[in-house]
>>> print(open('protein25.json').read())   # JSON, C-alpha atoms
[["chain", "number", "residue", "atom", "x", "y", "z"],
["A", 67, "MET", "CA", 49.21, 156.90, -24.68],
["A", 68, "ASP", "CA", 51.74, 159.39, -23.31],
["A", 69, "ASP", "CA", 51.31, 160.30, -19.63],
["A", 70, "LYS", "CA", 50.97, 164.02, -20.37],
["A", 71, "ILE", "CA", 48.24, 163.47, -22.96],
["A", 72, "LEU", "CA", 46.47, 161.07, -20.61],
["A", 73, "ILE", "CA", 46.55, 163.62, -17.78],
["A", 74, "ARG", "CA", 45.28, 166.40, -20.05],
["A", 75, "ARG", "CA", 42.43, 164.24, -21.31],
["A", 76, "ILE", "CA", 41.43, 163.20, -17.78],
["A", 77, "SER", "CA", 41.45, 166.85, -16.68],
["A", 78, "GLU", "CA", 39.11, 167.59, -19.60],
["A", 79, "GLY", "CA", 36.69, 164.97, -18.27],
["A", 80, "ASP", "CA", 37.43, 162.16, -20.75],
["A", 81, "GLN", "CA", 36.00, 159.00, -19.19],
["A", 82, "HIS", "CA", 37.93, 156.67, -21.52],
["A", 83, "ALA", "CA", 41.20, 158.24, -20.45],
["A", 84, "LEU", "CA", 40.21, 157.74, -16.81],
["A", 85, "ARG", "CA", 39.40, 154.10, -17.51],
["A", 86, "LEU", "CA", 42.74, 153.65, -19.24],
["A", 87, "LEU", "CA", 44.56, 155.18, -16.28],
["A", 88, "ILE", "CA", 42.82, 152.83, -13.84],
["A", 89, "GLU", "CA", 43.33, 149.76, -16.04],
["A", 90, "ASN", "CA", 47.03, 150.53, -16.51],
["A", 91, "ASN", "CA", 47.67, 150.94, -12.80],
["A", 92, "ARG", "CA", 45.08, 148.77, -11.06],
["A", 93, "ASN", "CA", 47.43, 145.83, -10.54],
["A", 94, "LEU", "CA", 50.10, 147.94, -8.87],
["A", 95, "VAL", "CA", 47.55, 149.66, -6.61],
["A", 96, "TRP", "CA", 45.85, 146.38, -5.71],
["A", 97, "HIS", "CA", 49.15, 144.67, -4.90],
["A", 98, "ILE", "CA", 50.15, 147.52, -2.58],
["A", 99, "ILE", "CA", 46.78, 147.34, -0.82],
["A", 100, "VAL", "CA", 46.79, 143.56, -0.42],
["A", 101, "SER", "CA", 50.38, 143.49, 0.80],
["A", 102, "LEU", "CA", 49.71, 146.18, 3.40],
["A", 103, "VAL", "CA", 46.11, 145.68, 4.44],
["A", 104, "GLY", "CA", 45.14, 142.25, 3.21],
["A", 105, "ASN", "CA", 42.30, 141.19, 0.99],
["A", 106, "SER", "CA", 39.54, 142.39, 3.28],
["A", 107, "SER", "CA", 36.36, 144.18, 2.23],
["A", 108, "ASP", "CA", 38.15, 147.40, 3.15],
["A", 109, "GLY", "CA", 40.62, 146.66, 0.36],
["A", 110, "GLU", "CA", 38.08, 147.58, -2.31],
["A", 111, "ASP", "CA", 37.21, 150.83, -0.52],
["A", 112, "LEU", "CA", 40.90, 151.68, -0.29],
["A", 113, "PHE", "CA", 41.30, 150.93, -4.01],
["A", 114, "GLN", "CA", 38.51, 153.37, -4.83],
["A", 115, "GLU", "CA", 39.83, 155.94, -2.36],
["A", 116, "ALA", "CA", 43.30, 155.73, -3.91],
["A", 117, "PHE", "CA", 42.04, 156.40, -7.42],
["A", 118, "LEU", "CA", 39.75, 159.14, -6.16],
["A", 119, "ARG", "CA", 42.80, 160.88, -4.66],
["A", 120, "VAL", "CA", 44.70, 160.31, -7.92],
["A", 121, "PHE", "CA", 41.86, 161.91, -9.85],
["A", 122, "LYS", "CA", 41.68, 164.90, -7.50],
["A", 123, "GLY", "CA", 45.41, 165.48, -7.58],
["A", 124, "ILE", "CA", 46.22, 164.64, -11.19],
["A", 125, "ARG", "CA", 46.31, 168.29, -12.25],
["A", 126, "HIS", "CA", 49.08, 168.90, -9.73],
["A", 127, "PHE", "CA", 51.16, 165.97, -10.95],
["A", 128, "ARG", "CA", 54.63, 167.10, -11.96],
["A", 129, "SER", "CA", 56.66, 164.91, -14.24],
["A", 130, "ASP", "CA", 59.49, 164.50, -11.69],
["A", 131, "SER", "CA", 58.56, 160.83, -11.42],
["A", 132, "ARG", "CA", 56.66, 158.34, -13.53],
["A", 133, "LEU", "CA", 52.87, 158.50, -13.33],
["A", 134, "SER", "CA", 52.65, 154.88, -12.16],
["A", 135, "THR", "CA", 55.04, 155.42, -9.23],
["A", 136, "TRP", "CA", 53.16, 158.58, -8.27],
["A", 137, "ILE", "CA", 49.90, 156.59, -8.26],
["A", 138, "GLY", "CA", 51.62, 153.84, -6.27],
["A", 139, "SER", "CA", 52.80, 156.32, -3.67],
["A", 140, "ILE", "CA", 49.24, 157.63, -3.30],
["A", 141, "ALA", "CA", 47.96, 154.08, -2.80],
["A", 142, "HIS", "CA", 50.70, 153.51, -0.22],
["A", 143, "HIS", "CA", 49.68, 156.71, 1.61],
["A", 144, "VAL", "CA", 46.02, 155.68, 1.59],
["A", 145, "CYS", "CA", 46.94, 152.34, 3.19],
["A", 146, "VAL", "CA", 49.24, 153.92, 5.77],
["A", 147, "ASP", "CA", 46.49, 156.40, 6.73],
["A", 148, "TYR", "CA", 44.03, 153.53, 7.03],
["A", 149, "LEU", "CA", 46.38, 151.47, 9.22],
["A", 150, "ARG", "CA", 47.13, 154.52, 11.36],
["A", 151, "LYS", "CA", 43.41, 154.99, 11.92],
["A", 152, "LYS", "CA", 43.09, 151.34, 12.86],
["A", 153, "LYS", "CA", 46.11, 151.86, 15.14],
["A", 154, "ARG", "CA", 47.47, 148.42, 14.54],
["A", 155, "GLU", "CA", 49.03, 146.34, 11.83],
["A", 156, "MET", "CA", 46.50, 144.15, 10.15],
["A", 157, "SER", "CA", 47.17, 140.53, 10.87],
["A", 158, "VAL", "CA", 44.96, 139.18, 8.11],
["A", 159, "HIS", "CA", 47.47, 138.30, 5.44],
["A", 160, "SER", "CA", 46.41, 134.99, 4.12],
["A", 161, "TYR", "CA", 47.77, 135.30, 0.54],
["A", 162, "ASP", "CA", 45.28, 132.54, -0.24],
["A", 163, "THR", "CA", 46.60, 129.97, 2.20],
["A", 164, "ASP", "CA", 46.37, 129.83, 5.93],
["A", 165, "ILE", "CA", 49.53, 128.82, 7.73],
["A", 166, "LYS", "CA", 47.69, 125.88, 9.32],
["A", 167, "GLN", "CA", 46.94, 124.51, 5.87],
["A", 168, "VAL", "CA", 50.61, 124.88, 5.03],
["A", 169, "SER", "CA", 51.53, 122.77, 8.03],
["A", 170, "ASN", "CA", 49.17, 120.11, 6.75],
["A", 171, "ILE", "CA", 50.80, 120.22, 3.33],
["A", 172, "SER", "CA", 54.29, 120.04, 4.72],
["A", 173, "THR", "CA", 53.61, 117.16, 7.03],
["A", 174, "GLY", "CA", 50.59, 115.51, 5.45],
["A", 175, "VAL", "CA", 52.30, 113.77, 2.56],
["A", 176, "GLY", "CA", 54.98, 112.18, 4.59],
["A", 177, "GLY", "CA", 57.08, 115.31, 4.43],
["A", 178, "ASN", "CA", 57.39, 115.19, 0.63],
["A", 179, "ILE", "CA", 56.53, 118.25, -1.44],
["A", 180, "THR", "CA", 56.00, 116.92, -4.89],
["A", 181, "GLU", "CA", 53.14, 119.07, -6.11],
["A", 182, "LYS", "CA", 54.20, 122.41, -7.54],
["A", 183, "GLU", "CA", 50.91, 123.97, -6.43],
["A", 184, "ASP", "CA", 51.63, 122.99, -2.84],
["A", 185, "LEU", "CA", 55.01, 124.60, -3.07],
["A", 186, "LYS", "CA", 53.48, 127.83, -4.35],
["A", 187, "LYS", "CA", 51.01, 127.80, -1.45],
["A", 188, "ILE", "CA", 53.84, 127.35, 1.03],
["A", 189, "ILE", "CA", 55.78, 130.26, -0.47],
["A", 190, "LEU", "CA", 52.72, 132.51, -0.45],
["A", 191, "ALA", "CA", 52.03, 131.68, 3.17],
["A", 192, "ALA", "CA", 55.66, 132.36, 3.99],
["A", 193, "ILE", "CA", 55.50, 135.77, 2.24],
["A", 194, "ALA", "CA", 52.36, 136.53, 4.23],
["A", 195, "ARG", "CA", 54.33, 135.87, 7.43],
["A", 196, "LEU", "CA", 56.96, 138.46, 6.57],
["A", 197, "PRO", "CA", 56.90, 141.85, 8.36],
["A", 198, "GLN", "CA", 54.72, 144.40, 6.59],
["A", 199, "ASP", "CA", 57.44, 146.49, 4.90],
["A", 200, "PHE", "CA", 59.35, 143.43, 3.76],
["A", 201, "ARG", "CA", 56.20, 141.92, 2.32],
["A", 202, "THR", "CA", 55.35, 145.08, 0.37],
["A", 203, "VAL", "CA", 58.85, 145.49, -1.01],
["A", 204, "ILE", "CA", 59.11, 141.81, -2.00],
["A", 205, "THR", "CA", 55.69, 141.90, -3.67],
["A", 206, "LEU", "CA", 56.43, 145.07, -5.64],
["A", 207, "TYR", "CA", 59.86, 143.82, -6.70],
["A", 208, "HIS", "CA", 58.87, 140.32, -7.77],
["A", 209, "LEU", "CA", 55.28, 140.75, -8.90],
["A", 210, "ASP", "CA", 55.21, 144.25, -10.41],
["A", 211, "GLU", "CA", 58.86, 144.16, -11.44],
["A", 212, "CYS", "CA", 59.42, 147.61, -9.95],
["A", 213, "SER", "CA", 62.98, 148.87, -9.75],
["A", 214, "TYR", "CA", 64.60, 149.83, -6.42],
["A", 215, "ARG", "CA", 64.08, 153.49, -7.38],
["A", 216, "ASP", "CA", 60.38, 152.95, -8.12],
["A", 217, "ILE", "CA", 59.82, 151.11, -4.83],
["A", 218, "ALA", "CA", 61.68, 153.87, -2.98],
["A", 219, "GLU", "CA", 59.39, 156.48, -4.53],
["A", 220, "ILE", "CA", 56.27, 154.48, -3.79],
["A", 221, "THR", "CA", 57.08, 153.64, -0.17],
["A", 222, "GLY", "CA", 59.05, 156.77, 0.69],
["A", 223, "MET", "CA", 62.05, 154.69, 1.82],
["A", 224, "PRO", "CA", 65.61, 155.49, 0.73],
["A", 225, "ASP", "CA", 66.95, 153.38, -2.17],
["A", 226, "GLY", "CA", 69.47, 151.64, 0.11],
["A", 227, "THR", "CA", 66.77, 150.63, 2.55],
["A", 228, "VAL", "CA", 64.71, 149.10, -0.26],
["A", 229, "LYS", "CA", 67.70, 147.11, -1.45],
["A", 230, "SER", "CA", 68.43, 145.94, 2.08],
["A", 231, "TYR", "CA", 64.77, 145.04, 2.74],
["A", 232, "ILE", "CA", 64.64, 142.91, -0.41],
["A", 233, "SER", "CA", 67.80, 141.08, 0.56],
["A", 234, "ARG", "CA", 66.77, 140.65, 4.21],
["A", 235, "GLY", "CA", 63.25, 139.76, 3.13],
["A", 236, "ARG", "CA", 64.57, 136.95, 0.94],
["A", 237, "ASN", "CA", 66.73, 135.66, 3.77],
["A", 238, "LEU", "CA", 63.78, 135.77, 6.14],
["A", 239, "LEU", "CA", 61.67, 134.00, 3.57],
["A", 240, "ARG", "CA", 64.30, 131.30, 3.19],
["A", 241, "GLU", "CA", 64.34, 130.84, 6.98],
["A", 242, "ILE", "CA", 60.55, 130.63, 7.16],
["A", 243, "LEU", "CA", 60.47, 128.16, 4.27],
["A", 244, "VAL", "CA", 63.09, 125.96, 5.88],
["A", 245, "SER", "CA", 61.27, 126.11, 9.22],
["A", 246, "LEU", "CA", 58.03, 125.10, 7.50],
["A", 247, "VAL", "CA", 59.55, 122.47, 5.24],
["A", 248, "PRO", "CA", 63.01, 121.43, 6.45],
["A", 249, "ASP", "CA", 63.67, 119.20, 3.45],
["A", 250, "LEU", "CA", 62.72, 121.83, 0.87],
["A", 251, "ALA", "CA", 66.28, 122.55, -0.25],
["A", 252, "GLU", "CA", 66.89, 118.87, -0.94],
["A", 253, "ILE", "CA", 63.64, 118.47, -2.81],
["A", 254, "ARG", "CA", 64.44, 121.45, -5.04],
["A", 255, "HIS", "CA", 67.85, 119.99, -5.61],
["A", 256, "ASP", "CA", 66.36, 116.68, -6.65],
["A", 257, "GLU", "CA", 64.13, 118.37, -9.22],
["B", 281, "MET", "CA", 68.49, 127.00, -2.07],
["B", 282, "LYS", "CA", 70.13, 129.52, -4.40],
["B", 283, "ASN", "CA", 69.00, 133.14, -4.74],
["B", 284, "GLY", "CA", 68.00, 132.76, -8.38],
["B", 285, "GLU", "CA", 65.95, 129.70, -7.60],
["B", 286, "LEU", "CA", 64.22, 131.40, -4.69],
["B", 287, "GLU", "CA", 63.47, 134.48, -6.83],
["B", 288, "LYS", "CA", 61.88, 132.33, -9.50],
["B", 289, "LEU", "CA", 59.79, 130.51, -6.91],
["B", 290, "ILE", "CA", 58.61, 133.78, -5.34],
["B", 291, "GLN", "CA", 57.68, 135.17, -8.74],
["B", 292, "GLU", "CA", 55.73, 132.07, -9.74],
["B", 293, "ALA", "CA", 53.96, 131.89, -6.39],
["B", 294, "LEU", "CA", 52.95, 135.57, -6.41],
["B", 295, "HIS", "CA", 51.66, 135.31, -9.98],
["B", 296, "SER", "CA", 49.55, 132.30, -9.04],
["B", 297, "SER", "CA", 47.84, 134.00, -6.08],
["B", 298, "ASP", "CA", 44.12, 134.65, -6.58],
["B", 299, "GLU", "CA", 44.16, 137.20, -3.81],
["B", 300, "LEU", "CA", 46.55, 139.39, -5.75],
["B", 301, "LYS", "CA", 44.37, 139.40, -8.87],
["B", 302, "VAL", "CA", 42.14, 142.46, -9.32],
["B", 303, "ARG", "CA", 38.47, 141.89, -9.97],
["B", 304, "THR", "CA", 37.49, 143.55, -13.27],
["B", 305, "GLU", "CA", 34.25, 145.00, -11.91],
["B", 306, "LEU", "CA", 36.28, 147.00, -9.40],
["B", 307, "THR", "CA", 37.42, 149.32, -12.23],
["B", 308, "ASP", "CA", 33.81, 150.04, -13.23],
["B", 309, "ARG", "CA", 32.80, 150.67, -9.64],
["B", 310, "THR", "CA", 35.74, 153.02, -9.14],
["B", 311, "ILE", "CA", 34.89, 155.01, -12.28],
["B", 312, "ARG", "CA", 31.27, 155.29, -11.16],
["B", 313, "LYS", "CA", 32.31, 156.50, -7.72],
["B", 314, "ILE", "CA", 34.58, 159.16, -9.22],
["B", 315, "GLU", "CA", 31.84, 160.25, -11.62],
["B", 316, "LYS", "CA", 29.33, 160.55, -8.77],
["B", 317, "LYS", "CA", 31.71, 162.66, -6.69],
["B", 318, "MET", "CA", 32.41, 164.91, -9.65],
["B", 319, "LEU", "CA", 28.71, 165.28, -10.43],
["B", 320, "LEU", "CA", 27.93, 166.28, -6.85],
["B", 321, "LYS", "CA", 30.77, 168.79, -6.86],
["B", 322, "GLU", "CA", 29.56, 170.25, -10.17],
["B", 323, "LEU", "CA", 25.97, 170.58, -8.94],
["B", 324, "LEU", "CA", 27.04, 172.25, -5.69],
["B", 325, "LEU", "CA", 29.27, 174.67, -7.59],
["B", 326, "GLU", "CA", 26.43, 175.52, -9.96],
["B", 327, "LEU", "CA", 24.16, 176.19, -6.98],
["B", 328, "LEU", "CA", 26.82, 178.37, -5.43],
["B", 329, "TYR", "CA", 27.13, 180.47, -8.61],
["B", 330, "LYS", "CA", 23.35, 180.83, -8.90],
["B", 331, "THR", "CA", 23.01, 181.83, -5.22],
["B", 332, "GLY", "CA", 25.80, 184.35, -5.63],
["B", 333, "LEU", "CA", 24.08, 185.82, -8.67],
["B", 334, "VAL", "CA", 20.73, 186.14, -6.87],
["B", 335, "LEU", "CA", 22.35, 187.69, -3.78],
["B", 336, "PHE", "CA", 24.30, 190.10, -5.94],
["B", 337, "SER", "CA", 21.14, 191.15, -7.79],
["B", 338, "LEU", "CA", 19.26, 191.64, -4.49],
["B", 339, "ALA", "CA", 22.10, 193.71, -3.08],
["B", 340, "ALA", "CA", 22.12, 195.87, -6.22],
["B", 341, "LEU", "CA", 18.35, 196.32, -6.01],
["B", 342, "CYS", "CA", 18.55, 197.29, -2.32],
["B", 343, "GLY", "CA", 21.31, 199.74, -3.11],
["B", 344, "ILE", "CA", 19.22, 201.42, -5.80],
["B", 345, "LEU", "CA", 16.14, 201.56, -3.54],
["B", 346, "ILE", "CA", 18.11, 203.04, -0.64],
["B", 347, "TRP", "CA", 19.72, 205.55, -2.98],
["B", 348, "ALA", "CA", 16.29, 206.53, -4.33],
["B", 349, "GLY", "CA", 14.29, 206.44, -1.06],
["B", 350, "GLY", "CA", 16.94, 207.49, 1.45],
["B", 351, "SER", "CA", 18.05, 205.78, 4.63],
["B", 352, "GLU", "CA", 14.54, 206.00, 6.19],
["B", 353, "LEU", "CA", 13.32, 203.26, 3.88],
["B", 354, "PHE", "CA", 16.20, 201.02, 4.92],
["B", 355, "SER", "CA", 15.60, 201.58, 8.67],
["B", 356, "SER", "CA", 11.87, 200.79, 8.29],
["B", 357, "TRP", "CA", 12.78, 197.53, 6.53],
["B", 358, "TYR", "CA", 15.25, 196.73, 9.25],
["B", 359, "THR", "CA", 12.60, 197.26, 11.95],
["B", 360, "GLN", "CA", 10.14, 195.07, 10.06],
["B", 361, "LEU", "CA", 12.81, 192.36, 9.78],
["B", 362, "LEU", "CA", 13.58, 192.45, 13.51],
["B", 363, "ASN", "CA", 9.89, 192.28, 14.41],
["B", 364, "ASN", "CA", 9.36, 189.20, 12.26],
["B", 365, "LEU", "CA", 12.74, 187.57, 12.76],
["B", 366, "GLN", "CA", 11.42, 184.08, 13.52],
["B", 367, "VAL", "CA", 9.20, 183.99, 10.44],
["B", 368, "VAL", "CA", 11.97, 185.35, 8.21],
["B", 369, "VAL", "CA", 14.47, 182.78, 9.47],
["B", 370, "ALA", "CA", 11.94, 179.96, 9.05],
["B", 371, "VAL", "CA", 11.12, 181.03, 5.46],
["B", 372, "LEU", "CA", 14.83, 181.36, 4.65],
["B", 373, "ILE", "CA", 15.59, 177.85, 5.95],
["B", 374, "LEU", "CA", 12.68, 176.45, 3.97],
["B", 375, "VAL", "CA", 13.81, 178.19, 0.78],
["B", 376, "ILE", "CA", 17.42, 177.03, 1.17],
["B", 377, "PHE", "CA", 16.32, 173.46, 1.88],
["B", 378, "THR", "CA", 13.93, 173.39, -1.11],
["B", 379, "ILE", "CA", 16.54, 174.81, -3.49],
["B", 380, "LEU", "CA", 19.16, 172.37, -2.23],
["B", 381, "ILE", "CA", 16.84, 169.41, -2.74],
["B", 382, "ASP", "CA", 15.60, 170.64, -6.13],
["B", 383, "GLN", "CA", 18.88, 171.81, -7.62],
["B", 384, "VAL", "CA", 21.26, 169.28, -6.11],
["B", 385, "GLY", "CA", 19.49, 166.31, -4.52],
["B", 386, "LEU", "CA", 16.93, 165.53, -7.22],
["B", 387, "ARG", "CA", 19.23, 166.29, -10.15],
["B", 388, "TYR", "CA", 21.95, 164.14, -8.62],
["B", 389, "PHE", "CA", 19.53, 161.29, -8.11],
["B", 390, "GLU", "CA", 18.11, 161.61, -11.65],
["B", 391, "MET", "CA", 21.51, 161.76, -13.32],
["B", 392, "THR", "CA", 22.96, 158.81, -11.44],
["B", 393, "LYS", "CA", 19.80, 156.84, -12.22],
["B", 394, "LYS", "CA", 20.15, 157.67, -15.94],
["B", 395, "GLN", "CA", 23.75, 156.46, -15.89],
["B", 396, "LEU", "CA", 22.59, 153.22, -14.29],
["B", 397, "ASN", "CA", 19.96, 152.71, -16.98],
["B", 398, "LEU", "CA", 22.51, 153.33, -19.71],
["B", 399, "LYS", "CA", 24.76, 150.70, -18.18],
["B", 400, "ILE", "CA", 21.96, 148.13, -18.24]]
>>> encode(input="protein25.json", output="structure tokens")
Amino acid sequence: MDDKILIRRISEGDQHALRLLIENNRNLVWHIIVSLVGNSSDGEDLFQEAFLRVFKGIRHFRSDSRLSTWIGSIAHHVCVDYLRKKKREMSVHSYDTDIKQVSNISTGVGGNITEKEDLKKIILAAIARLPQDFRTVITLYHLDECSYRDIAEITGMPDGTVKSYISRGRNLLREILVSLVPDLAEIRHDE
Amino acid sequence: MKNGELEKLIQEALHSSDELKVRTELTDRTIRKIEKKMLLKELLLELLYKTGLVLFSLAALCGILIWAGGSELFSSWYTQLLNNLQVVVAVLILVIFTILIDQVGLRYFEMTKKQLNLKI
């Protein structure tokens, strides 16, 4: 359904259109929340708060940007407000695996990473160790396949900064991965 | 490790994360929350319109009575009001509270309960 029609139908109180809007954008919103705040119980409240703000402001949406990036920017604002209230960066970023578990994986099997699942866990834990902005940008770029422009609109950063964060984020990630599993490059090469 | 290889690994890892998957019931809960907020807003607006209408009618009635009976009638009412200020304020608070509960509180509760039953 076209964005304009969807917005008109939501403004008219169509519940199915509202459901469609949430279903189309829930992944993006959830990924922004998890990358910024973590998967805490507050995450669900922030998810609801984000869509509530979207619903309240949808009549004022101008088609300067895509609806999804506008929704993403609202979700980003909701998280930033939340973190500002908390007055600290949340440190709970497990991305499923605790870093201690990763250490066990990397050293437990005689230093060999043969299982693909283990490798995924290590990468997730490494992403979770990235600084907040890097983590968000990397997640949006690789998971939601957002363009630099979309990420810039969502986060409010300039396009160049987004590009630089993705590049620096990858480098940081590579460093973290190598520090966690020094022989990773060789193992990948062997595969 | 090459960039392309790292990108592929990141993508695969992120897609495999359970933490990054949205629970389906969260959509339903979000819709319900939005509906509840909208319902409350609607009920409060309705009450505001009704109150405005009643106040407007009362003001019109007072205007007609003052016009017919002169300013003496108005000053006698004013004196009566001042003499019984406590009672008048108490009755007003009671009326406002009752109307708020009846028109907003109970209707809100009933409607949200109906929605719950429909869901089941």
>>> residues_around(input="protein25.json", residues="region 301-305 of chain B", least_positions_apart="6", cutoff="12 Å", atoms="only C-alpha atoms", output="PyMOL selection string")
(chain A and resi 85+88-100+105+109-110+113-114+161-162+209-210) or (chain B and resi 294-295+311-312)
>>> interface_residues(input="protein25.json", of="chain B", to="chain A", cutoff="10 Å", atoms="only C-alpha atoms", output="count of residues only")
35
>>> closest_residue(input="protein25.json", among="B:Trp357, B:Gln383, B:Gln366, B:Met391", to="Leu327 (chain B)", atoms="all atoms listed in the file")
B:Gln383
>>> axis_aligned_box(input="protein25.json", around="region 83-92 of chain A", padding_each_side="5 Å", output="JSON")
{"center_x": 43.5, "center_y": 153.5, "center_z": -15.8, "size_x": 18.3, "size_y": 19.5, "size_z": 19.4}
>>> atom_distance(input="protein25.json", atom1="CA of Ile373 (chain B)", atom2="CA of Thr359 (chain B)")
20.5 Å
>>> atom_distance(input="protein25.json", atom1="CA of Ser131 (chain A)", atom2="CA of Ile220 (chain A)")
10.2 Å
>>> atom_distance(input="protein25.json", atom1="CA of Glu241 (chain A)", atom2="CA of Thr202 (chain A)")
18.1 Å
>>> closest_residue(input="protein25.json", among="A:Ser134, A:Cys212, A:Ser245, A:Arg125", to="Arg75 (chain A)", atoms="all atoms listed in the file")
A:Arg125
>>> decode(input="protein25.json", residues="region 360-382 of chain B", atoms="C-alpha atoms", output="short mmCIF file (atom, residue, chain, number, x, y, z; two decimals), in the first residue's frame")
data_model
loop_
_atom_site.label_atom_id
_atom_site.label_comp_id
_atom_site.auth_asym_id
_atom_site.auth_seq_id
_atom_site.Cartn_x
_atom_site.Cartn_y
_atom_site.Cartn_z
CA GLN B 360 -26.58 33.82 48.36
CA LEU B 361 -23.58 32.22 46.64
CA LEU B 362 -21.08 33.98 48.90
CA ASN B 363 -23.02 32.99 52.03
CA ASN B 364 -23.03 29.33 51.03
CA LEU B 365 -19.65 29.20 49.33
CA GLN B 366 -18.42 26.04 51.07
CA VAL B 367 -21.56 24.08 50.24
CA VAL B 368 -21.55 25.28 46.63
CA VAL B 369 -17.90 24.34 46.14
CA ALA B 370 -18.46 20.93 47.74
CA VAL B 371 -21.48 20.22 45.50
CA LEU B 372 -19.56 21.38 42.42
CA ILE B 373 -16.61 19.09 43.20
CA LEU B 374 -18.97 16.18 43.77
CA VAL B 375 -20.79 16.83 40.48
CA ILE B 376 -17.55 17.13 38.50
CA PHE B 377 -16.15 13.96 40.06
CA THR B 378 -19.37 11.98 39.41
CA ILE B 379 -19.58 13.14 35.79
CA LEU B 380 -15.91 12.35 35.22
CA ILE B 381 -16.31 8.84 36.62
CA ASP B 382 -19.60 8.21 34.79
#
